[in-house]
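S.K.: Just dropping this structure here.
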Amino acid sequence: MNHKTKPDHRQMAAWRAYAWMRTRLLATWRDLIQINASDRPWEMPLAAALSSGLPLMVGAYFGRMDYGLMSTLGGMVFLSLPNSSLLHRMMMLLAASFGMVACYAVGALTQFWPTVMIASLTFIAIVVNMICRCYRLGPPGSLFYIMATAIAAYTPGRVEDIPTRVGMVALGCLVACLVAFVYSLHMTRVAPPPPETPLPSPTFDFVVYDSVIIGLFVGISLLVAELLQLPRPYWVPVSCLAIIQGASLVAAWHRQFHRILGTAVGLCLAWLLLSLPLNPWTLSLVMMLLSFGIETLVVRHYASAVVLITPLTIFLAEAPLPGQGHPATVIEARFLDTAIGAFIGALGAVLLHSQRLRPILSRAMRAVLPRRVN
């Protein structure tokens with residue numbers, strides 16, 4: 001009597017796990033080598049480089065690169081410029097400038113109380129993400145506002161220096177608005193913007209639920225960085241935010257892989273640049289070139305853009321600090337910060353995109369929040 005051999009369930013489970021992992025790795029590899037098409041005009045990266053570079057040139061001229069780097073943070077608001085009519089562009093950029101100055105001011109004011117700092121960053125991350133989602137602002141979204149808050153919170157200084165620092169950021173925003181006005185005059189004539197369409201009605205899950213989860217995990221990432229006593233904790237919440245903003249769980253995983261890989265290569269570039277004897281003028285030129293390259297690459301290949309983002313943000317945050325130490329110390333701290341932030345951001349992405357957890361948490365959040373928010 002012939003007996004049919006029963007299938008080994010452990011072997012089948014192992015084979016299914018292998019097939020799933022192979023599929024995921026192939027998808028990740030295809031996403032890594034894919035170069036996206038882009039219709040972004042070359043004038044946009046040039047204008048972005050001028051917005052961030054002109055304050056550096058002024059700082060180099062007056063021998064105050066610390067002021068120039070603070071103003072450069074304000075110049076990053078240029079990236080919030082929408083593709084719309086001239087009036088709408090300038091209104092949105094003025095609102096973004098106010099938000100950037102307010103975020104930097106809050107970070108600078110809370111640097112003396114770590115607990116208040118973490119709570120403030122969490123609150124700002126929630127509110128800024130709500131505003132960006134309510135008005136359907138595209139990438140980079142809330143990233144630079146959170147970065148400005150975190151950098152301000154960890155830039156050492158005295159209380160009496162805060163008005164000057166906030167003023168420098170405001171001047172950088174003014175430069176960005178002037179560059180954006182000239183750029184918009186040219187672009188609205190060369191390539192008229194598409195007709196304006198009404199914004200879709202905001203939903204609770206898209207605006208409130210997602211923003212609360214993102215804000216909480218940004219705060220958790222900073223708390224973890226503080227508990228681990230990392231020397232430069234400000235980059236952990238920024239890395240967390242960059243990952244958790246993925247459009248889906250798969251997108252968040254791909255973004256995490258791109259960010260860690262791009263950061264690893266970018267740290268080598270940063271080490272090389274930090275080892276060079278850069279003076280204020282050459283540093284300004286290098287940062288302008290990095291800004292131009294980032295805005296050229298970010299819509300085409302995210303990992304390549306991260307390679308340039310890494311040294312740019314290191315210069316933004318580390319250059320004002322006297323005695324920052326050997327470049328290897330900065331590089332090691334940045335990679336550790338990125339890995340921790342990316343891991344926490346990936347965990348937050350699970351709560352954002354899980355089809356099982358999301359409805360449960362959304363109902364619980366609706367029950368806790370006031371009725372008018374629902």
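Going by the structure tokens order, chains are called A, B, ..., each with residues numbered from 1, while ligands are numbered from 1 in the order shown.
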Compile the contact shell of Ile214 in chain A as an MDAnalysis selection string: residues with an atom at most 12 Å away, counting only C-alpha atoms, same-chain residues fewer than 5 positions apart removed.

M.R.: chainID A and resid 121:130 133 142:143 146 206:209 219:221 237:238 240:246 344:353

S.K.: Go ahead and save the picked residues with C-alpha atoms, as a compact mmCIF listing (two decimals), in the first residue's frame.

M.R.:
# COMPACT_ATOMS: atom_id res chain seq x y z
CA LEU A 121 9.00 69.60 18.78
CA THR A 122 6.19 67.04 18.99
CA PHE A 123 3.55 69.79 18.97
CA ILE A 124 5.21 71.63 16.07
CA ALA A 125 5.50 68.42 14.06
CA ILE A 126 1.77 67.75 14.54
CA VAL A 127 0.64 71.28 13.70
CA VAL A 128 2.96 71.79 10.71
CA ASN A 129 2.01 68.42 9.23
CA MET A 130 -1.69 69.26 9.66
CA ARG A 133 -1.77 68.16 4.56
CA SER A 142 7.23 69.84 6.91
CA LEU A 143 10.83 68.59 6.75
CA ILE A 146 11.24 70.43 11.83
CA PHE A 206 -5.42 62.19 6.29
CA VAL A 207 -5.06 65.44 8.22
CA VAL A 208 -5.46 64.63 11.92
CA TYR A 209 -4.62 60.95 12.39
CA GLY A 219 8.93 63.36 19.55
CA ILE A 220 9.68 59.75 20.50
CA SER A 221 12.76 59.77 18.26
CA PRO A 237 13.89 63.41 14.46
CA VAL A 238 14.74 64.76 11.00
CA CYS A 240 12.55 59.85 11.41
CA LEU A 241 10.33 62.39 9.64
CA ALA A 242 11.95 61.76 6.26
CA ILE A 243 11.11 58.04 6.51
CA ILE A 244 7.66 58.17 8.05
CA GLN A 245 6.37 60.52 5.33
CA GLY A 246 6.42 57.70 2.77
CA ILE A 344 11.86 54.68 14.53
CA GLY A 345 10.36 56.23 11.40
CA ALA A 346 9.80 52.77 9.92
CA LEU A 347 7.95 51.72 13.09
CA GLY A 348 5.76 54.80 12.81
CA ALA A 349 5.05 53.99 9.15
CA VAL A 350 3.58 50.66 10.29
CA LEU A 351 0.96 52.50 12.38
CA LEU A 352 0.27 54.87 9.49
CA HIS A 353 -0.29 52.24 6.84

S.K.: Please identify the helix (DSSP H, G or I) residues within range 15-251 of chain A (assignment by DSSP from backbone atoms) and present them as a PyMOL selection string.

M.R.: chain A and resi 15-33+43-62+65-80+86-109+114-134+143-153+159-190+204-227+235-244+249-251

S.K.: Report, in Å to a single decimal, how far apart CA of Ala225 in chain A and CA of Ile340 in chain A are.

M.R.: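 Between CA of Ile340 in chain A and CA of Ala225 in chain A the gap is 8.2 Å.
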
S.K.: Can you pull out the residues contacting Ile162 in chain A? Cut-off 12 Å, using only C-alpha atoms, and skip same-chain residues under 2 positions away; I want them as a PDB file with all heavy atoms, in the first residue's frame.

M.R.:
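out_36.pdb written:
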ATOM      1  N   TYR A  67      26.054  83.820  11.273  1.00  0.00           N
ATOM      2  CA  TYR A  67      24.833  84.513  10.866  1.00  0.00           C
ATOM      3  C   TYR A  67      24.382  84.061   9.476  1.00  0.00           C
ATOM      4  O   TYR A  67      23.183  83.881   9.216  1.00  0.00           O
ATOM      5  CB  TYR A  67      25.052  86.025  10.862  1.00  0.00           C
ATOM      6  CG  TYR A  67      25.151  86.661  12.230  1.00  0.00           C
ATOM      7  CD1 TYR A  67      25.508  87.996  12.382  1.00  0.00           C
ATOM      8  CD2 TYR A  67      24.899  85.914  13.385  1.00  0.00           C
ATOM      9  CE1 TYR A  67      25.599  88.585  13.642  1.00  0.00           C
ATOM     10  CE2 TYR A  67      24.995  86.492  14.640  1.00  0.00           C
ATOM     11  CZ  TYR A  67      25.350  87.824  14.762  1.00  0.00           C
ATOM     12  OH  TYR A  67      25.435  88.394  16.006  1.00  0.00           O
ATOM     13  N   MET A  70      22.621  80.700   9.706  1.00  0.00           N
ATOM     14  CA  MET A  70      21.265  80.846  10.248  1.00  0.00           C
ATOM     15  C   MET A  70      20.319  81.383   9.176  1.00  0.00           C
ATOM     16  O   MET A  70      19.179  80.904   9.037  1.00  0.00           O
ATOM     17  CB  MET A  70      21.279  81.785  11.450  1.00  0.00           C
ATOM     18  CG  MET A  70      22.021  81.250  12.659  1.00  0.00           C
ATOM     19  SD  MET A  70      22.142  82.493  13.970  1.00  0.00           S
ATOM     20  CE  MET A  70      23.372  81.733  15.040  1.00  0.00           C
ATOM     21  N   VAL A 101      10.144  81.103  10.676  1.00  0.00           N
ATOM     22  CA  VAL A 101      10.650  81.960  11.753  1.00  0.00           C
ATOM     23  C   VAL A 101      10.076  81.519  13.100  1.00  0.00           C
ATOM     24  O   VAL A 101      10.782  81.455  14.114  1.00  0.00           O
ATOM     25  CB  VAL A 101      10.310  83.431  11.470  1.00  0.00           C
ATOM     26  CG1 VAL A 101      10.663  84.317  12.665  1.00  0.00           C
ATOM     27  CG2 VAL A 101      11.046  83.919  10.228  1.00  0.00           C
ATOM     28  N   TYR A 104      11.753  78.209  14.254  1.00  0.00           N
ATOM     29  CA  TYR A 104      13.116  78.438  14.736  1.00  0.00           C
ATOM     30  C   TYR A 104      13.092  79.121  16.096  1.00  0.00           C
ATOM     31  O   TYR A 104      13.877  78.780  16.991  1.00  0.00           O
ATOM     32  CB  TYR A 104      13.897  79.278  13.733  1.00  0.00           C
ATOM     33  CG  TYR A 104      15.362  79.403  14.068  1.00  0.00           C
ATOM     34  CD1 TYR A 104      16.280  78.486  13.567  1.00  0.00           C
ATOM     35  CD2 TYR A 104      15.836  80.419  14.892  1.00  0.00           C
ATOM     36  CE1 TYR A 104      17.631  78.576  13.880  1.00  0.00           C
ATOM     37  CE2 TYR A 104      17.177  80.520  15.211  1.00  0.00           C
ATOM     38  CZ  TYR A 104      18.076  79.607  14.702  1.00  0.00           C
ATOM     39  OH  TYR A 104      19.403  79.694  15.028  1.00  0.00           O
ATOM     40  N   ALA A 105      12.195  80.087  16.271  1.00  0.00           N
ATOM     41  CA  ALA A 105      12.112  80.799  17.545  1.00  0.00           C
ATOM     42  C   ALA A 105      11.724  79.866  18.682  1.00  0.00           C
ATOM     43  O   ALA A 105      12.299  79.928  19.785  1.00  0.00           O
ATOM     44  CB  ALA A 105      11.108  81.948  17.433  1.00  0.00           C
ATOM     45  N   VAL A 106      10.769  78.969  18.435  1.00  0.00           N
ATOM     46  CA  VAL A 106      10.362  78.016  19.474  1.00  0.00           C
ATOM     47  C   VAL A 106      11.523  77.101  19.839  1.00  0.00           C
ATOM     48  O   VAL A 106      11.781  76.833  21.018  1.00  0.00           O
ATOM     49  CB  VAL A 106       9.136  77.204  19.009  1.00  0.00           C
ATOM     50  CG1 VAL A 106       8.842  76.064  19.979  1.00  0.00           C
ATOM     51  CG2 VAL A 106       7.912  78.104  18.891  1.00  0.00           C
ATOM     52  N   GLY A 107      12.239  76.614  18.823  1.00  0.00           N
ATOM     53  CA  GLY A 107      13.387  75.758  19.115  1.00  0.00           C
ATOM     54  C   GLY A 107      14.453  76.472  19.918  1.00  0.00           C
ATOM     55  O   GLY A 107      15.022  75.906  20.861  1.00  0.00           O
ATOM     56  N   ALA A 108      14.729  77.726  19.581  1.00  0.00           N
ATOM     57  CA  ALA A 108      15.751  78.479  20.306  1.00  0.00           C
ATOM     58  C   ALA A 108      15.312  78.780  21.735  1.00  0.00           C
ATOM     59  O   ALA A 108      16.138  78.767  22.657  1.00  0.00           O
ATOM     60  CB  ALA A 108      16.052  79.783  19.557  1.00  0.00           C
ATOM     61  N   LEU A 109      14.040  79.036  21.948  1.00  0.00           N
ATOM     62  CA  LEU A 109      13.557  79.382  23.282  1.00  0.00           C
ATOM     63  C   LEU A 109      13.500  78.178  24.216  1.00  0.00           C
ATOM     64  O   LEU A 109      13.559  78.335  25.438  1.00  0.00           O
ATOM     65  CB  LEU A 109      12.168  80.018  23.186  1.00  0.00           C
ATOM     66  CG  LEU A 109      12.118  81.442  22.614  1.00  0.00           C
ATOM     67  CD1 LEU A 109      10.678  81.838  22.316  1.00  0.00           C
ATOM     68  CD2 LEU A 109      12.758  82.438  23.579  1.00  0.00           C
ATOM     69  N   THR A 110      13.355  76.981  23.660  1.00  0.00           N
ATOM     70  CA  THR A 110      13.201  75.787  24.503  1.00  0.00           C
ATOM     71  C   THR A 110      14.505  75.018  24.699  1.00  0.00           C
ATOM     72  O   THR A 110      14.484  73.946  25.311  1.00  0.00           O
ATOM     73  CB  THR A 110      12.152  74.841  23.891  1.00  0.00           C
ATOM     74  OG1 THR A 110      12.570  74.457  22.571  1.00  0.00           O
ATOM     75  CG2 THR A 110      10.795  75.516  23.804  1.00  0.00           C
ATOM     76  N   GLN A 111      15.630  75.538  24.217  1.00  0.00           N
ATOM     77  CA  GLN A 111      16.882  74.783  24.294  1.00  0.00           C
ATOM     78  C   GLN A 111      17.367  74.591  25.725  1.00  0.00           C
ATOM     79  O   GLN A 111      18.180  73.700  25.983  1.00  0.00           O
ATOM     80  CB  GLN A 111      17.962  75.504  23.488  1.00  0.00           C
ATOM     81  CG  GLN A 111      18.315  76.875  24.026  1.00  0.00           C
ATOM     82  CD  GLN A 111      19.439  77.521  23.241  1.00  0.00           C
ATOM     83  OE1 GLN A 111      20.507  76.947  23.086  1.00  0.00           O
ATOM     84  NE2 GLN A 111      19.188  78.716  22.730  1.00  0.00           N
ATOM     85  N   PHE A 112      16.873  75.370  26.655  1.00  0.00           N
ATOM     86  CA  PHE A 112      17.355  75.291  28.029  1.00  0.00           C
ATOM     87  C   PHE A 112      16.582  74.265  28.863  1.00  0.00           C
ATOM     88  O   PHE A 112      16.968  73.974  29.992  1.00  0.00           O
ATOM     89  CB  PHE A 112      17.257  76.666  28.696  1.00  0.00           C
ATOM     90  CG  PHE A 112      17.921  77.757  27.894  1.00  0.00           C
ATOM     91  CD1 PHE A 112      17.168  78.649  27.151  1.00  0.00           C
ATOM     92  CD2 PHE A 112      19.305  77.858  27.860  1.00  0.00           C
ATOM     93  CE1 PHE A 112      17.770  79.648  26.407  1.00  0.00           C
ATOM     94  CE2 PHE A 112      19.923  78.855  27.122  1.00  0.00           C
ATOM     95  CZ  PHE A 112      19.158  79.760  26.389  1.00  0.00           C
ATOM     96  N   ALA A 152      17.842  74.767  15.873  1.00  0.00           N
ATOM     97  CA  ALA A 152      17.804  75.897  16.801  1.00  0.00           C
ATOM     98  C   ALA A 152      17.878  75.430  18.250  1.00  0.00           C
ATOM     99  O   ALA A 152      18.511  76.070  19.096  1.00  0.00           O
ATOM    100  CB  ALA A 152      16.530  76.710  16.576  1.00  0.00           C
ATOM    101  N   ALA A 153      17.228  74.296  18.540  1.00  0.00           N
ATOM    102  CA  ALA A 153      17.209  73.805  19.920  1.00  0.00           C
ATOM    103  C   ALA A 153      18.569  73.318  20.375  1.00  0.00           C
ATOM    104  O   ALA A 153      18.859  73.308  21.583  1.00  0.00           O
ATOM    105  CB  ALA A 153      16.182  72.675  20.050  1.00  0.00           C
ATOM    106  N   THR A 155      21.613  74.489  19.004  1.00  0.00           N
ATOM    107  CA  THR A 155      22.675  75.458  18.747  1.00  0.00           C
ATOM    108  C   THR A 155      22.938  76.228  20.035  1.00  0.00           C
ATOM    109  O   THR A 155      22.071  76.958  20.513  1.00  0.00           O
ATOM    110  CB  THR A 155      22.278  76.437  17.627  1.00  0.00           C
ATOM    111  OG1 THR A 155      22.015  75.706  16.424  1.00  0.00           O
ATOM    112  CG2 THR A 155      23.390  77.439  17.367  1.00  0.00           C
ATOM    113  N   PRO A 156      24.100  76.061  20.641  1.00  0.00           N
ATOM    114  CA  PRO A 156      24.352  76.704  21.935  1.00  0.00           C
ATOM    115  C   PRO A 156      24.353  78.224  21.809  1.00  0.00           C
ATOM    116  O   PRO A 156      24.763  78.786  20.790  1.00  0.00           O
ATOM    117  CB  PRO A 156      25.729  76.161  22.343  1.00  0.00           C
ATOM    118  CG  PRO A 156      26.374  75.756  21.058  1.00  0.00           C
ATOM    119  CD  PRO A 156      25.274  75.302  20.161  1.00  0.00           C
ATOM    120  N   GLY A 157      23.902  78.875  22.850  1.00  0.00           N
ATOM    121  CA  GLY A 157      23.871  80.331  22.866  1.00  0.00           C
ATOM    122  C   GLY A 157      23.229  80.840  24.141  1.00  0.00           C
ATOM    123  O   GLY A 157      22.748  80.070  24.976  1.00  0.00           O
ATOM    124  N   ARG A 158      23.232  82.150  24.288  1.00  0.00           N
ATOM    125  CA  ARG A 158      22.646  82.791  25.457  1.00  0.00           C
ATOM    126  C   ARG A 158      21.236  83.272  25.123  1.00  0.00           C
ATOM    127  O   ARG A 158      20.873  83.411  23.952  1.00  0.00           O
ATOM    128  CB  ARG A 158      23.510  83.969  25.892  1.00  0.00           C
ATOM    129  CG  ARG A 158      24.962  83.597  26.224  1.00  0.00           C
ATOM    130  CD  ARG A 158      25.788  84.854  26.429  1.00  0.00           C
ATOM    131  NE  ARG A 158      25.788  85.683  25.224  1.00  0.00           N
ATOM    132  CZ  ARG A 158      26.321  86.905  25.169  1.00  0.00           C
ATOM    133  NH1 ARG A 158      26.891  87.429  26.245  1.00  0.00           N
ATOM    134  NH2 ARG A 158      26.281  87.595  24.030  1.00  0.00           N
ATOM    135  N   VAL A 159      20.473  83.565  26.170  1.00  0.00           N
ATOM    136  CA  VAL A 159      19.105  84.026  25.965  1.00  0.00           C
ATOM    137  C   VAL A 159      19.092  85.332  25.185  1.00  0.00           C
ATOM    138  O   VAL A 159      18.257  85.540  24.291  1.00  0.00           O
ATOM    139  CB  VAL A 159      18.390  84.200  27.326  1.00  0.00           C
ATOM    140  CG1 VAL A 159      16.995  84.778  27.138  1.00  0.00           C
ATOM    141  CG2 VAL A 159      18.313  82.872  28.070  1.00  0.00           C
ATOM    142  N   GLU A 160      20.020  86.213  25.490  1.00  0.00           N
ATOM    143  CA  GLU A 160      20.037  87.517  24.823  1.00  0.00           C
ATOM    144  C   GLU A 160      20.433  87.421  23.355  1.00  0.00           C
ATOM    145  O   GLU A 160      20.267  88.397  22.596  1.00  0.00           O
ATOM    146  CB  GLU A 160      20.985  88.478  25.551  1.00  0.00           C
ATOM    147  CG  GLU A 160      22.374  87.925  25.772  1.00  0.00           C
ATOM    148  CD  GLU A 160      22.533  87.269  27.132  1.00  0.00           C
ATOM    149  OE1 GLU A 160      21.540  86.708  27.633  1.00  0.00           O
ATOM    150  OE2 GLU A 160      23.653  87.327  27.680  1.00  0.00           O
ATOM    151  N   THR A 164      18.590  88.043  17.916  1.00  0.00           N
ATOM    152  CA  THR A 164      19.478  88.180  16.760  1.00  0.00           C
ATOM    153  C   THR A 164      19.403  86.941  15.880  1.00  0.00           C
ATOM    154  O   THR A 164      19.331  87.047  14.640  1.00  0.00           O
ATOM    155  CB  THR A 164      20.924  88.407  17.224  1.00  0.00           C
ATOM    156  OG1 THR A 164      20.980  89.573  18.037  1.00  0.00           O
ATOM    157  CG2 THR A 164      21.846  88.576  16.025  1.00  0.00           C
ATOM    158  N   ARG A 165      19.416  85.770  16.483  1.00  0.00           N
ATOM    159  CA  ARG A 165      19.354  84.540  15.711  1.00  0.00           C
ATOM    160  C   ARG A 165      18.053  84.429  14.942  1.00  0.00           C
ATOM    161  O   ARG A 165      18.047  84.072  13.748  1.00  0.00           O
ATOM    162  CB  ARG A 165      19.534  83.334  16.637  1.00  0.00           C
ATOM    163  CG  ARG A 165      20.937  83.220  17.222  1.00  0.00           C
ATOM    164  CD  ARG A 165      20.975  82.232  18.384  1.00  0.00           C
ATOM    165  NE  ARG A 165      20.440  80.929  18.010  1.00  0.00           N
ATOM    166  CZ  ARG A 165      20.218  79.943  18.881  1.00  0.00           C
ATOM    167  NH1 ARG A 165      20.477  80.140  20.171  1.00  0.00           N
ATOM    168  NH2 ARG A 165      19.752  78.793  18.476  1.00  0.00           N
ATOM    169  N   VAL A 166      16.945  84.748  15.601  1.00  0.00           N
ATOM    170  CA  VAL A 166      15.652  84.698  14.918  1.00  0.00           C
ATOM    171  C   VAL A 166      15.609  85.732  13.789  1.00  0.00           C
ATOM    172  O   VAL A 166      15.065  85.480  12.707  1.00  0.00           O
ATOM    173  CB  VAL A 166      14.510  84.930  15.932  1.00  0.00           C
ATOM    174  CG1 VAL A 166      13.163  85.030  15.214  1.00  0.00           C
ATOM    175  CG2 VAL A 166      14.472  83.799  16.953  1.00  0.00           C
ATOM    176  N   GLY A 167      16.199  86.910  14.034  1.00  0.00           N
ATOM    177  CA  GLY A 167      16.248  87.927  12.990  1.00  0.00           C
ATOM    178  C   GLY A 167      17.037  87.479  11.775  1.00  0.00           C
ATOM    179  O   GLY A 167      16.676  87.790  10.632  1.00  0.00           O
ATOM    180  N   MET A 168      18.124  86.733  11.999  1.00  0.00           N
ATOM    181  CA  MET A 168      18.904  86.221  10.872  1.00  0.00           C
ATOM    182  C   MET A 168      18.083  85.257  10.021  1.00  0.00           C
ATOM    183  O   MET A 168      18.153  85.280   8.785  1.00  0.00           O
ATOM    184  CB  MET A 168      20.167  85.525  11.386  1.00  0.00           C
ATOM    185  CG  MET A 168      21.208  86.442  12.011  1.00  0.00           C
ATOM    186  SD  MET A 168      21.860  87.680  10.863  1.00  0.00           S
ATOM    187  CE  MET A 168      21.032  89.152  11.485  1.00  0.00           C
ATOM    188  N   VAL A 169      17.313  84.404  10.668  1.00  0.00           N
ATOM    189  CA  VAL A 169      16.446  83.481   9.924  1.00  0.00           C
ATOM    190  C   VAL A 169      15.391  84.260   9.140  1.00  0.00           C
ATOM    191  O   VAL A 169      15.092  83.941   7.979  1.00  0.00           O
ATOM    192  CB  VAL A 169      15.786  82.473  10.887  1.00  0.00           C
ATOM    193  CG1 VAL A 169      14.794  81.585  10.142  1.00  0.00           C
ATOM    194  CG2 VAL A 169      16.842  81.607  11.565  1.00  0.00           C
TER     195      VAL A 169
END

S.K.: Smallest atom-to-atom distance to Val190 in chain A: which of A:Pro41, A:Met91, A:Arg356, A:Ser211, using only C-alpha atoms?

M.R.: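 Among A:Pro41, A:Met91, A:Arg356, A:Ser211, it is A:Pro41 that comes nearest to Val190 in chain A.
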
S.K.: Would you mind listing what lies within 8 Å of Thr188 in chain A as a list in words, with only C-alpha atoms counted and same-chain residues fewer than 5 positions away left out?

M.R.: Ser85, Leu86 and Pro193 of chain A

S.K.: Restricted to all heavy atoms, what would the selected residues look like written as a PDB file, in the first residue's frame?

M.R.:
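Output saved as again_30.pdb:
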ATOM      1  N   SER A  85      -0.326  80.646  -9.596  1.00  0.00           N
ATOM      2  CA  SER A  85      -0.238  82.030 -10.038  1.00  0.00           C
ATOM      3  C   SER A  85       0.739  82.814  -9.167  1.00  0.00           C
ATOM      4  O   SER A  85       1.087  82.399  -8.056  1.00  0.00           O
ATOM      5  CB  SER A  85      -1.619  82.681  -9.982  1.00  0.00           C
ATOM      6  OG  SER A  85      -2.076  82.746  -8.639  1.00  0.00           O
ATOM      7  N   LEU A  86       1.179  83.954  -9.682  1.00  0.00           N
ATOM      8  CA  LEU A  86       2.163  84.767  -8.961  1.00  0.00           C
ATOM      9  C   LEU A  86       1.630  85.193  -7.599  1.00  0.00           C
ATOM     10  O   LEU A  86       2.357  85.129  -6.588  1.00  0.00           O
ATOM     11  CB  LEU A  86       2.530  85.993  -9.806  1.00  0.00           C
ATOM     12  CG  LEU A  86       3.542  86.960  -9.183  1.00  0.00           C
ATOM     13  CD1 LEU A  86       4.869  86.262  -8.941  1.00  0.00           C
ATOM     14  CD2 LEU A  86       3.729  88.177 -10.087  1.00  0.00           C
ATOM     15  N   PRO A 193       1.423  78.502 -15.180  1.00  0.00           N
ATOM     16  CA  PRO A 193       1.012  77.412 -14.276  1.00  0.00           C
ATOM     17  C   PRO A 193      -0.322  76.822 -14.693  1.00  0.00           C
ATOM     18  O   PRO A 193      -1.111  77.460 -15.400  1.00  0.00           O
ATOM     19  CB  PRO A 193       0.914  78.116 -12.916  1.00  0.00           C
ATOM     20  CG  PRO A 193       0.636  79.545 -13.243  1.00  0.00           C
ATOM     21  CD  PRO A 193       1.381  79.820 -14.521  1.00  0.00           C
TER      22      PRO A 193
END

S.K.: Check the smallest atom-to-atom distance from each of A:Ser84, A:Pro311, A:Thr115, A:Glu226 to Pro192 in chain A using only C-alpha atoms, then report the winner.

M.R.: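 Closest residue, counting only C-alpha atoms: A:Ser84.
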
S.K.: Looking at A:Leu272, A:Ile360, A:Leu199, A:Val306, which one is nearest to Pro327 in chain A, with distances taken over only C-alpha atoms?

M.R.: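 With only C-alpha atoms as the atom set, the closest residue is A:Leu272.
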
S.K.: Name the closest residue to Gly266 in chain A among the candidates A:Gly74, A:Pro198, A:Arg334, A:Gln229; distances are taken between atoms, counting only C-alpha atoms.

M.R.: A:Arg334
